[in-house]
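Participant: Below is one structure. I have some questions about it.
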Amino acid sequence: MAFDLAGLVAAHSGEGYELHGQHLNRQVPRMLHTIGFDTVYQHGEGCWVTADDGVRYLDLLAGFGVYGIGRNHPVVRHALQQALDAGFADLVQMDAPLLPGLLARELVARSPGMDRVFFCNSGTEAVEAALKFARAATGRTRIAYCEHAYHGVTVGSLSVNGGREFRAGFDPLLPDVSVPFGDLDALERELRSREVAALVVEPVQGKGVHVVPPGYLAAARELLHRYGALLICDEVQTGVGRTGTFLAYEQDDVQPDIVTVAKALSGGFVPVAATLARAWIFDRVYSSMDRAFVHASTFAGNALAMAAGLATLAVLDEEQLVANADRTGRLLTQRLQELATQEDLICDVRGRGLMVGIEFGQPRALRLRSQWTMLRAVRRGLFTQMVVGALYHRHRILTQVAGDHMEVLKLLPPLTIGEAEVDVFVDALADVIEQANRSSGWVWDFGRRLAQRAVTG
Ligand code: PMP
């Protein structure tokens, strides 16, 4: 029997939501129906996705950052086809295959201060490795993390996750220590116990899009080293060019001890993640031949993931996407800041490169303020969800709220976007805000529907 994937897809087109409701996490289709995002997508290319009714959406969400080089990039597709055609003796396990070696060399060359690489399959796994490596290197147990941090949801990563909503129901977690983001005094107070192995921190926090204060990472590293602890930069989201440098920490005049990357390294095709560290840390973890597999993963370094990673880095270089993230990110932020000076509803625009947050705040105008308060009373973040919904339904632009219970709209576009897409987005946002200012426009109709659904569940 010939298996026919295309035939299978054609025969069941449009059944995804029903199948998820029956066999996967049924809350996901419920939530998507509620917010009106239950579209069936068929194709993706660059920064666009196309639905089954032929409507194209500008994708400023990029699969939560996976599509750094855009969707279905032909260079990565070709590399993967070549890897399949080669019929490699992959995952022999008792060998030292070429492709992980080549990708590790490329990553180390782009990551100041890093010497060695451990490959794995997801962001949270890369963080797990970082936590274990810090423990092994220091002989200490506790990990410090920042309030509102997000590092993944497996048990180790969850222990350093600053979102209460993620932790609830999964206790007990590992011994951990939370410190306010950017607060050096609080960090030093915790370090005095000399039990802390490391601080794990995102240079730009994904939840809420908060950029690390200037000088914080360098000063934190100084403090950490003074107390015998390590600095881990979690660059799962910020890494691979997102912020305008290959790694975000390059802009903070610091070299961490351990770094994690994932998401965009995949080219959007094959999951891949990596934990990079200084050589002495690897030597403590893998301290003898007996410990050669003491931290490992069956699929680590598989040929398809490595081919995707190598091709992705080549595309980043060839198309100068890191420089574009810096240039287009500045343009986008500047245009949004200009809009914010005219619009009472926008209280802050922040970010680094193409990781941008737009925060909404209570308007001064009385009628508008009562509408705002109405939504706020139902659920914090509902106003932003209303804007996200309006951008999606009226302007066919895909964005997201930057986290639970926050009034921050987040943009995480492919690094391939240029001035044209910036214009499209800024004009669309200006239109949505103008409608919101009228306090009776279609935006608020959508907001009221959202509020009703949120109440009735
Ligand atoms: N760390 C950071 C900074 C992240 O943004 C994420 C994912 N959003 C993770 C870790 C977890 O990655 P994954 O979902 O691949 O496990």
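We label chains A, B, ... in the order they appear in the structure tokens, count residues from 1 in each chain, and number ligands from 1 in the order shown.
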Which neighbours of A:Trp442 fall inside 10 Å, counting only C-alpha atoms, when residues of the same chain fewer than 6 positions from it are skipped, and could you give them as a short mmCIF file (atom, residue, chain, number, x, y, z; two decimals) with N, CA and C atoms, in the first residue's frame?

Facilitator:
data_model
loop_
_atom_site.label_atom_id
_atom_site.label_comp_id
_atom_site.auth_asym_id
_atom_site.auth_seq_id
_atom_site.Cartn_x
_atom_site.Cartn_y
_atom_site.Cartn_z
N ALA A 390 -9.37 42.86 16.16
CA ALA A 390 -9.67 43.84 15.11
C ALA A 390 -8.59 43.83 14.03
N ARG A 394 -10.27 42.75 10.59
CA ARG A 394 -10.41 43.88 9.66
C ARG A 394 -9.22 44.03 8.73
N VAL A 432 -7.36 50.93 13.77
CA VAL A 432 -8.05 50.26 14.88
C VAL A 432 -8.16 51.22 16.07
N GLN A 435 -10.79 53.83 15.47
CA GLN A 435 -12.12 53.25 15.73
C GLN A 435 -12.38 53.15 17.23
N ALA A 436 -11.35 52.70 17.96
CA ALA A 436 -11.51 52.56 19.42
C ALA A 436 -11.80 53.91 20.05
N ARG A 448 -17.33 43.86 22.98
CA ARG A 448 -18.50 43.43 23.76
C ARG A 448 -18.77 41.94 23.57
#

Participant: Could I get the residue neighbourhood of ligand 1 at 10 Å, counting only C-alpha atoms and all ligand atoms, as an MDAnalysis selection string?

Facilitator: chainID A and resid 63:66 121:128 149:154 157:158 161 200:207 233:239 260:263 271:273

Participant: Can you write just those residues out, N, CA and C atoms, as a short mmCIF file (atom, residue, chain, number, x, y, z; two decimals), in the first residue's frame?

Facilitator:
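Below you can see again.cif, which holds the result:
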data_model
loop_
_atom_site.label_atom_id
_atom_site.label_comp_id
_atom_site.auth_asym_id
_atom_site.auth_seq_id
_atom_site.Cartn_x
_atom_site.Cartn_y
_atom_site.Cartn_z
N GLY A 63 4.83 31.99 14.46
CA GLY A 63 4.88 30.72 15.21
C GLY A 63 5.58 30.88 16.55
N PHE A 64 5.30 32.00 17.25
CA PHE A 64 5.98 32.35 18.51
C PHE A 64 7.49 32.48 18.32
N GLY A 65 7.90 32.91 17.13
CA GLY A 65 9.32 33.19 16.91
C GLY A 65 10.07 32.12 16.14
N VAL A 66 9.35 31.06 15.75
CA VAL A 66 10.01 29.97 15.05
C VAL A 66 10.44 30.38 13.63
N ASN A 121 15.98 19.24 21.55
CA ASN A 121 14.87 19.34 20.60
C ASN A 121 13.87 20.46 20.86
N SER A 122 14.00 21.16 21.98
CA SER A 122 13.02 22.23 22.27
C SER A 122 13.65 23.23 23.23
N GLY A 123 13.00 24.39 23.33
CA GLY A 123 13.52 25.44 24.20
C GLY A 123 13.61 24.97 25.65
N THR A 124 12.57 24.33 26.10
CA THR A 124 12.55 23.93 27.51
C THR A 124 13.66 22.91 27.80
N GLU A 125 13.94 22.04 26.85
CA GLU A 125 15.04 21.07 27.04
C GLU A 125 16.38 21.79 27.12
N ALA A 126 16.54 22.84 26.32
CA ALA A 126 17.80 23.60 26.36
C ALA A 126 17.95 24.25 27.74
N VAL A 127 16.83 24.72 28.30
CA VAL A 127 16.88 25.34 29.64
C VAL A 127 17.18 24.27 30.69
N GLU A 128 16.53 23.11 30.57
CA GLU A 128 16.80 22.01 31.52
C GLU A 128 18.31 21.72 31.56
N ALA A 149 9.36 35.86 34.29
CA ALA A 149 10.18 35.13 33.31
C ALA A 149 9.39 33.99 32.69
N TYR A 150 9.78 33.62 31.47
CA TYR A 150 9.25 32.40 30.85
C TYR A 150 10.43 31.60 30.31
N HIS A 151 10.57 30.37 30.80
CA HIS A 151 11.68 29.54 30.34
C HIS A 151 11.21 28.16 29.89
N GLY A 152 9.89 27.97 29.78
CA GLY A 152 9.39 26.66 29.40
C GLY A 152 8.56 26.05 30.52
N VAL A 153 8.01 24.86 30.26
CA VAL A 153 7.05 24.30 31.22
C VAL A 153 7.34 22.87 31.65
N THR A 154 8.51 22.31 31.33
CA THR A 154 8.87 21.04 31.96
C THR A 154 9.29 21.35 33.39
N SER A 157 12.32 23.77 34.10
CA SER A 157 12.06 25.11 33.55
C SER A 157 10.89 25.78 34.26
N LEU A 158 9.91 24.99 34.62
CA LEU A 158 8.75 25.55 35.31
C LEU A 158 9.15 26.11 36.68
N ASN A 161 10.01 29.57 36.16
CA ASN A 161 9.02 30.30 35.38
C ASN A 161 8.33 31.30 36.31
N VAL A 200 19.11 32.67 35.83
CA VAL A 200 18.68 32.47 34.44
C VAL A 200 17.81 33.66 34.06
N VAL A 201 18.12 34.28 32.92
CA VAL A 201 17.42 35.52 32.57
C VAL A 201 17.29 35.66 31.05
N GLU A 202 16.15 36.19 30.62
CA GLU A 202 15.96 36.53 29.21
C GLU A 202 16.41 37.98 29.01
N PRO A 203 17.28 38.27 28.04
CA PRO A 203 17.67 39.66 27.81
C PRO A 203 16.49 40.56 27.45
N VAL A 204 15.50 40.01 26.79
CA VAL A 204 14.21 40.70 26.63
C VAL A 204 13.15 39.70 27.06
N GLN A 205 12.41 40.02 28.12
CA GLN A 205 11.41 39.06 28.59
C GLN A 205 10.29 38.94 27.56
N GLY A 206 9.97 37.70 27.22
CA GLY A 206 8.90 37.46 26.24
C GLY A 206 7.55 37.89 26.75
N LYS A 207 7.27 37.61 28.01
CA LYS A 207 5.99 37.99 28.61
C LYS A 207 6.03 39.48 28.91
N CYS A 233 21.96 33.07 30.04
CA CYS A 233 21.05 33.88 29.22
C CYS A 233 20.17 32.94 28.41
N ASP A 234 18.87 33.02 28.64
CA ASP A 234 17.93 32.22 27.86
C ASP A 234 17.56 33.02 26.62
N GLU A 235 18.12 32.59 25.49
CA GLU A 235 17.91 33.30 24.22
C GLU A 235 17.06 32.45 23.28
N VAL A 236 16.21 31.62 23.86
CA VAL A 236 15.34 30.78 23.04
C VAL A 236 14.49 31.64 22.11
N GLN A 237 14.04 32.78 22.61
CA GLN A 237 13.21 33.68 21.80
C GLN A 237 14.03 34.83 21.20
N THR A 238 14.96 35.35 21.97
CA THR A 238 15.72 36.54 21.51
C THR A 238 16.87 36.17 20.57
N GLY A 239 17.29 34.89 20.59
CA GLY A 239 18.47 34.49 19.83
C GLY A 239 18.23 34.35 18.34
N THR A 260 21.10 29.58 25.95
CA THR A 260 20.20 28.65 25.26
C THR A 260 19.65 29.30 24.00
N VAL A 261 19.52 28.50 22.94
CA VAL A 261 18.84 28.95 21.71
C VAL A 261 17.93 27.82 21.23
N ALA A 262 16.92 28.18 20.45
CA ALA A 262 16.02 27.15 19.89
C ALA A 262 15.24 27.78 18.74
N LYS A 263 13.93 27.75 18.84
CA LYS A 263 12.97 28.34 17.90
C LYS A 263 13.50 28.57 16.48
N PRO A 271 12.34 20.68 14.71
CA PRO A 271 12.69 21.18 16.04
C PRO A 271 14.17 20.97 16.34
N VAL A 272 14.79 22.02 16.85
CA VAL A 272 16.19 21.91 17.27
C VAL A 272 16.46 23.00 18.29
N ALA A 273 17.26 22.67 19.28
CA ALA A 273 17.63 23.64 20.31
C ALA A 273 19.06 23.35 20.72
#

Participant: For stretch 359-371 of chain A, please output as a PyMOL selection string all residues within 12 Å (counting only C-alpha atoms; exclusion window: fewer than 5 positions along the same chain).

Facilitator: chain A and resi 208-210+336-337+340+343-351+376-378+380-387+401-403+406-411+433-441+443-445+447-448+451

Participant: Just write the chosen residues, N, CA and C atoms, as a short mmCIF file (atom, residue, chain, number, x, y, z; two decimals), in the first residue's frame.

Facilitator:
data_model
loop_
_atom_site.label_atom_id
_atom_site.label_comp_id
_atom_site.auth_asym_id
_atom_site.auth_seq_id
_atom_site.Cartn_x
_atom_site.Cartn_y
_atom_site.Cartn_z
N GLY A 208 5.26 40.24 28.19
CA GLY A 208 5.21 41.68 28.43
C GLY A 208 6.23 42.48 27.64
N VAL A 209 7.19 41.81 27.00
CA VAL A 209 8.27 42.47 26.24
C VAL A 209 8.98 43.54 27.09
N HIS A 210 9.69 43.07 28.10
CA HIS A 210 10.48 43.98 28.94
C HIS A 210 11.96 43.80 28.62
N LEU A 336 5.87 53.45 15.58
CA LEU A 336 4.87 53.20 16.63
C LEU A 336 4.97 54.24 17.73
N GLN A 337 6.21 54.66 18.02
CA GLN A 337 6.35 55.69 19.06
C GLN A 337 5.73 57.00 18.58
N ALA A 340 2.17 56.68 19.13
CA ALA A 340 1.86 56.77 20.56
C ALA A 340 1.78 58.22 21.03
N GLU A 343 -1.73 59.17 20.25
CA GLU A 343 -2.84 58.33 20.73
C GLU A 343 -2.73 58.10 22.22
N ASP A 344 -3.72 58.63 22.91
CA ASP A 344 -3.84 58.50 24.34
C ASP A 344 -3.84 57.03 24.81
N LEU A 345 -4.44 56.17 23.98
CA LEU A 345 -4.60 54.76 24.39
C LEU A 345 -3.28 53.99 24.44
N ILE A 346 -2.28 54.46 23.67
CA ILE A 346 -0.99 53.77 23.68
C ILE A 346 -0.09 54.44 24.71
N CYS A 347 0.30 53.69 25.75
CA CYS A 347 1.11 54.35 26.78
C CYS A 347 2.59 54.00 26.68
N ASP A 348 2.94 52.95 25.95
CA ASP A 348 4.38 52.66 25.81
C ASP A 348 4.62 51.79 24.58
N VAL A 349 5.74 52.03 23.93
CA VAL A 349 6.22 51.17 22.84
C VAL A 349 7.65 50.82 23.19
N ARG A 350 7.95 49.54 23.25
CA ARG A 350 9.31 49.15 23.67
C ARG A 350 9.73 47.86 22.97
N GLY A 351 11.00 47.55 23.08
CA GLY A 351 11.49 46.31 22.50
C GLY A 351 12.91 46.45 22.04
N ARG A 376 -12.05 45.93 31.25
CA ARG A 376 -11.07 45.64 32.29
C ARG A 376 -11.70 44.87 33.46
N ALA A 377 -12.98 45.22 33.73
CA ALA A 377 -13.67 44.56 34.85
C ALA A 377 -13.91 43.09 34.52
N VAL A 378 -14.13 42.79 33.25
CA VAL A 378 -14.36 41.39 32.87
C VAL A 378 -13.05 40.62 32.95
N ARG A 380 -8.54 41.50 32.71
CA ARG A 380 -7.41 42.32 32.31
C ARG A 380 -6.79 41.71 31.06
N GLY A 381 -6.52 42.53 30.06
CA GLY A 381 -5.96 42.02 28.81
C GLY A 381 -7.00 41.93 27.70
N LEU A 382 -8.29 42.10 28.08
CA LEU A 382 -9.36 41.97 27.08
C LEU A 382 -9.34 43.10 26.06
N PHE A 383 -8.93 44.31 26.50
CA PHE A 383 -8.83 45.42 25.54
C PHE A 383 -7.82 45.05 24.46
N THR A 384 -6.67 44.54 24.89
CA THR A 384 -5.63 44.18 23.92
C THR A 384 -6.10 43.04 23.02
N GLN A 385 -6.83 42.09 23.61
CA GLN A 385 -7.38 41.00 22.79
C GLN A 385 -8.34 41.56 21.75
N MET A 386 -9.06 42.61 22.13
CA MET A 386 -9.98 43.27 21.20
C MET A 386 -9.18 43.89 20.03
N VAL A 387 -8.06 44.52 20.34
CA VAL A 387 -7.22 45.11 19.29
C VAL A 387 -6.64 44.00 18.40
N VAL A 401 -1.50 38.83 22.24
CA VAL A 401 -1.36 39.53 23.52
C VAL A 401 -0.09 38.97 24.15
N ALA A 402 0.72 39.83 24.78
CA ALA A 402 2.06 39.43 25.22
C ALA A 402 2.10 38.57 26.48
N GLY A 403 0.95 38.14 26.97
CA GLY A 403 0.94 37.29 28.15
C GLY A 403 -0.41 37.40 28.82
N MET A 406 -2.41 40.95 30.65
CA MET A 406 -1.64 42.19 30.43
C MET A 406 -2.14 42.91 29.18
N GLU A 407 -2.02 44.24 29.22
CA GLU A 407 -2.49 45.06 28.10
C GLU A 407 -1.33 45.38 27.17
N VAL A 408 -0.63 44.34 26.74
CA VAL A 408 0.52 44.53 25.85
C VAL A 408 0.34 43.69 24.59
N LEU A 409 0.38 44.38 23.46
CA LEU A 409 0.31 43.68 22.17
C LEU A 409 1.74 43.41 21.74
N LYS A 410 1.98 42.18 21.28
CA LYS A 410 3.37 41.81 20.97
C LYS A 410 3.54 41.51 19.49
N LEU A 411 4.64 42.00 18.93
CA LEU A 411 4.98 41.73 17.54
C LEU A 411 6.28 40.93 17.50
N ILE A 433 -7.09 51.95 16.34
CA ILE A 433 -7.10 52.88 17.49
C ILE A 433 -8.10 54.02 17.21
N GLU A 434 -8.13 54.46 15.96
CA GLU A 434 -9.08 55.53 15.63
C GLU A 434 -10.52 55.06 15.88
N GLN A 435 -10.79 53.83 15.47
CA GLN A 435 -12.12 53.25 15.73
C GLN A 435 -12.38 53.15 17.23
N ALA A 436 -11.35 52.70 17.96
CA ALA A 436 -11.51 52.56 19.42
C ALA A 436 -11.80 53.91 20.05
N ASN A 437 -11.18 54.97 19.53
CA ASN A 437 -11.38 56.31 20.06
C ASN A 437 -12.84 56.76 19.92
N ARG A 438 -13.52 56.23 18.90
CA ARG A 438 -14.92 56.65 18.68
C ARG A 438 -15.87 56.10 19.72
N SER A 439 -15.43 55.12 20.44
CA SER A 439 -16.17 54.48 21.53
C SER A 439 -17.50 53.85 21.11
N SER A 440 -17.82 53.93 19.79
CA SER A 440 -19.06 53.26 19.35
C SER A 440 -18.80 52.43 18.09
N GLY A 441 -17.55 52.36 17.68
CA GLY A 441 -17.25 51.72 16.40
C GLY A 441 -17.26 50.20 16.48
N VAL A 443 -14.90 48.18 16.58
CA VAL A 443 -13.94 47.59 17.50
C VAL A 443 -14.64 47.21 18.80
N TRP A 444 -15.48 48.13 19.30
CA TRP A 444 -16.14 47.90 20.59
C TRP A 444 -17.22 46.84 20.46
N ASP A 445 -17.86 46.73 19.28
CA ASP A 445 -18.81 45.63 19.08
C ASP A 445 -18.11 44.30 19.30
N GLY A 447 -15.34 43.91 20.99
CA GLY A 447 -14.97 43.86 22.41
C GLY A 447 -16.12 43.37 23.27
N ARG A 448 -17.33 43.86 22.98
CA ARG A 448 -18.50 43.43 23.76
C ARG A 448 -18.77 41.94 23.57
N ALA A 451 -16.29 40.06 25.59
CA ALA A 451 -16.61 40.13 27.02
C ALA A 451 -17.74 39.16 27.35
#

Participant: Which neighbours of A:Ala325 fall inside 7 Å, counting only C-alpha atoms, when residues of the same chain fewer than 4 positions from it are skipped, and could you give them as an MDAnalysis selection string?

Facilitator: chainID A and resid 241:244 321 329 353:354 415

Participant: Which parts of stretch 78-242 of chain A does DSSP call helix (DSSP H, G or I) when run on the backbone here, written out as JSON, numbers by chain?

Facilitator: {"A": [78, 79, 80, 81, 82, 83, 84, 85, 86, 98, 99, 100, 101, 102, 103, 104, 105, 106, 107, 108, 109, 110, 123, 124, 125, 126, 127, 128, 129, 130, 131, 132, 133, 134, 135, 136, 137, 138, 155, 156, 157, 158, 159, 164, 165, 166, 167, 184, 185, 186, 187, 188, 189, 190, 191, 216, 217, 218, 219, 220, 221, 222, 223, 224, 225, 226]}

Participant: With C-alpha atoms retained, export the selected residues as a compact mmCIF listing (two decimals), in the first residue's frame.

Facilitator:
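Result file again-v2.txt:
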# COMPACT_ATOMS: atom_id res chain seq x y z
CA HIS A 78 16.33 22.26 -0.53
CA ALA A 79 18.80 21.38 2.24
CA LEU A 80 16.23 19.06 3.83
CA GLN A 81 15.47 17.44 0.48
CA GLN A 82 19.21 16.88 0.00
CA ALA A 83 19.48 15.37 3.48
CA LEU A 84 16.58 12.99 2.73
CA ASP A 85 18.04 12.03 -0.64
CA ALA A 86 21.44 11.36 0.95
CA LEU A 98 29.61 15.33 10.85
CA LEU A 99 26.55 17.60 10.80
CA PRO A 100 26.31 18.30 14.57
CA GLY A 101 30.02 19.11 14.51
CA LEU A 102 29.55 21.59 11.68
CA LEU A 103 26.50 23.25 13.26
CA ALA A 104 28.20 23.45 16.67
CA ARG A 105 31.19 25.16 15.04
CA GLU A 106 28.91 27.70 13.35
CA LEU A 107 27.05 28.44 16.59
CA VAL A 108 30.20 28.84 18.66
CA ALA A 109 31.63 31.22 16.04
CA ARG A 110 28.55 33.44 16.43
CA GLY A 123 13.52 25.44 24.20
CA THR A 124 12.55 23.93 27.51
CA GLU A 125 15.04 21.07 27.04
CA ALA A 126 17.80 23.60 26.36
CA VAL A 127 16.88 25.34 29.64
CA GLU A 128 16.80 22.01 31.52
CA ALA A 129 20.35 21.34 30.31
CA ALA A 130 21.44 24.83 31.36
CA LEU A 131 20.05 24.34 34.87
CA LYS A 132 21.70 20.94 35.26
CA PHE A 133 25.00 22.22 33.87
CA ALA A 134 24.98 25.12 36.35
CA ARG A 135 24.33 22.74 39.22
CA ALA A 136 27.10 20.36 38.14
CA ALA A 137 29.56 23.21 37.56
CA THR A 138 28.99 24.91 40.92
CA VAL A 155 9.48 20.61 35.68
CA GLY A 156 12.95 22.20 35.83
CA SER A 157 12.06 25.11 33.55
CA LEU A 158 8.75 25.55 35.31
CA SER A 159 10.64 25.95 38.58
CA ARG A 164 2.00 31.94 38.60
CA GLU A 165 -0.61 30.82 36.07
CA PHE A 166 1.83 28.25 34.67
CA ARG A 167 3.02 26.92 38.03
CA LEU A 184 20.72 43.96 41.49
CA ASP A 185 20.27 44.50 45.24
CA ALA A 186 17.64 41.77 45.42
CA LEU A 187 19.97 39.46 43.48
CA GLU A 188 22.86 40.15 45.85
CA ARG A 189 20.67 39.47 48.89
CA GLU A 190 19.89 36.01 47.50
CA LEU A 191 23.48 35.30 46.50
CA TYR A 216 22.06 45.02 34.35
CA LEU A 217 23.43 41.87 32.71
CA ALA A 218 27.07 42.95 33.02
CA ALA A 219 26.63 43.98 36.66
CA ALA A 220 24.66 40.79 37.43
CA ARG A 221 27.45 38.67 35.96
CA GLU A 222 29.99 40.52 38.08
CA LEU A 223 27.94 39.88 41.21
CA LEU A 224 27.23 36.26 40.31
CA HIS A 225 30.90 35.52 39.76
CA ARG A 226 31.84 37.26 43.00

Participant: Could you jot down the atom CA of A:Gln255 to atom CA of A:Val285 separation for me, Å, one decimal place?

Facilitator: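 Computed distance, atom CA of A:Gln255 to atom CA of A:Val285, equals 20.3 Å.
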
Participant: Could you check the closest approach to A:Gln334 for each of A:His295, A:Ile417, A:Asp423, A:Ala303 and tell me which residue wins, using only C-alpha atoms?

Facilitator: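 Result for the nearest residue to A:Gln334: A:Asp423.
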